[in-house]
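What follows is a single structure, written as structure tokens, with notes after it.
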Number of protein chains: 2
Amino acid sequence: MEEKLRDHIQNLIPLTDDEFSFILSHFSFEKYKKNDFLIQVEDNVKYCYFVVSGLLKLVYDDTNGKQHIVSFAMEDWWESDFSAYFTQTKAKMSLQCIEDTMVFSLSFKNYQKLLSQLPKMERFFLQKSNAGYISSQNRILSFLTSNAQQRYKQLLKQYPQLFQRVPKTLLASYLGVSRETLSRLSS
Amino acid sequence: MEEKLRDHIQNLIPLTDDEFSFILSHFSFEKYKKNDFLIQVEDNVKYCYFVVSGLLKLVYDDTNGKQHIVSFAMEDWWESDFSAYFTQTKAKMSLQCIEDTMVFSLSFKNYQKLLSQLPKMERFFLQKSNAGYISSQNRILSFLTSNAQQRYKQLLKQYPQLFQRVPKTLLASYLGVSRETLSRLSS
């Protein structure tokens, strides 16, 4: 488990054994079952999560009770209601397991401690954040420029494994189309 | 001019005079006229920009020659084709002046130098990047959950000054609606 986190960080910044032990001491390892919630709406968001294995969905429920999938998070992804995490406010979104899932959780307090005590972690998180920003911009672009069929094909190309692991209803909700439209697209 | 950049950075991290002089030495001050391009599609993207005054549009042209506005950038905003900037590849988007605009530009080389020589700038850019990521996520959410009229109202509430400064055609392109739909919404 620890090795997954270490490899992930070392992809961007070199670490000594001591540095990694120090980093690891800021995280907690947690196991969740399918359908468990890591975050529920109105929770105080204390943690962000590095996914070791499994699959999560970040969900926004609109005022009509309709579910919208903001993102999926699988192995090697970081996830939280980041807006609430960084501002230490209440969750507007929920984070729930689509599969049994193992994570390392990082409290906001420990995130701040880690940044101030091991500045190279600022470099690491800066690179992750930049990458996250770019992929969000690409998703915005796909909403502006692509129709449902094109968005479906882009997702299929980018994350083929999602199509094996995620029920059609959830894929439709991520793409912003109805279940019926998705069936037409994928048939 | 310099004070605007200094205040902007000092909002997040304290700076001595020497530190700010050092930071400033990594930037170039540039003036552009309305309609000038800071970045054109296929350019090597060498710079990101801090907007001192004026207004920019980041534009993606789709294969049908239709313009899509990915973002506007006004005073105190950072803008670039960040995907191309961080990976030092060619621009997929253009960055153009809607008004006469003054910016501080930061080359990718100087960005890297600044981060390694003054680590507190990593903290600064990490906070900016996290904020950018969160606002992108909110925009994704608005595409998933809101219709054109709701998106129009959200934009009006969040950036009332845009409606004074930006032609309707560009607002429509940002919201992902036709010029006619926007006229209906805003009448």
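Note on naming: chains are A, B, ... as they come in the structure tokens, residues start from 1 per chain, ligands start from 1 in the order shown.
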Q) What lies within 7 Å of stretch 22-35 of chain B using only C-alpha atoms, ignoring chain neighbours under 2 positions off, as number ranges by chain? A) B: 18-20, 37, 96-106, 110, 114
Where does chain B meet chain A within 8 Å, residue by residue, with the nearest atom pair and distance in Å to one decimal for each, counting only C-alpha atoms, listed by chain and rising number, as a Markdown table?
| residue | atom | partner | partner_atom | distance |
| --- | --- | --- | --- | --- |
| B:Tyr60 | CA | A:Leu141 | CA | 7.9 |
| B:Asp62 | CA | A:Thr145 | CA | 6.6 |
| B:His68 | CA | A:Leu144 | CA | 6.6 |
| B:Val70 | CA | A:Leu141 | CA | 6.6 |
| B:Phe82 | CA | A:Ile134 | CA | 6.8 |
| B:Ser83 | CA | A:Ile134 | CA | 5.7 |
| B:Pro119 | CA | A:Pro119 | CA | 7.4 |
| B:Glu122 | CA | A:Glu122 | CA | 6.1 |
| B:Arg123 | CA | A:Glu122 | CA | 6.3 |
| B:Phe125 | CA | A:Leu126 | CA | 7.1 |
| B:Leu126 | CA | A:Leu126 | CA | 4.8 |
| B:Ser129 | CA | A:Ser129 | CA | 5.9 |
| B:Asn130 | CA | A:Ser129 | CA | 6.0 |
| B:Gly132 | CA | A:Tyr133 | CA | 6.5 |
| B:Tyr133 | CA | A:Tyr133 | CA | 4.6 |
| B:Ile134 | CA | A:Ser83 | CA | 5.7 |
| B:Ser136 | CA | A:Ser136 | CA | 5.9 |
| B:Gln137 | CA | A:Ser136 | CA | 6.6 |
| B:Arg139 | CA | A:Ile140 | CA | 7.3 |
| B:Ile140 | CA | A:Ile140 | CA | 5.9 |
| B:Leu141 | CA | A:Val70 | CA | 6.6 |
| B:Phe143 | CA | A:Phe143 | CA | 7.2 |
| B:Leu144 | CA | A:Gly176 | CA | 5.6 |
| B:Thr145 | CA | A:Asp62 | CA | 6.6 |
| B:Gly176 | CA | A:Leu144 | CA | 5.6 |
Q: Just give me the gap between atom CA of B:Glu79 and atom CA of B:Leu55 in Å, one decimal is fine.
A: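 Atom CA of B:Glu79 sits 10.6 Å away from atom CA of B:Leu55.
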Q.
List the spatial neighbours of B:Val166 as a PyMOL selection string - criterion: any atom at most 10 Å away, only C-alpha atoms, same-chain residues fewer than 3 positions off excluded.
A. chain B and resi 55-57+72+98-99+161-163+169-171
(Q) What parts of chain B does DSSP call strand (DSSP E)? I'd like the answer as an MDAnalysis selection string. (A) chainID B and resid 27:32 37:39 47:53 55:61 67:74 78:79 94:97 101:107
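Coordinates place atom CA of A:Lys4 at a distance of 9.8 Å from atom CA of A:Phe50.
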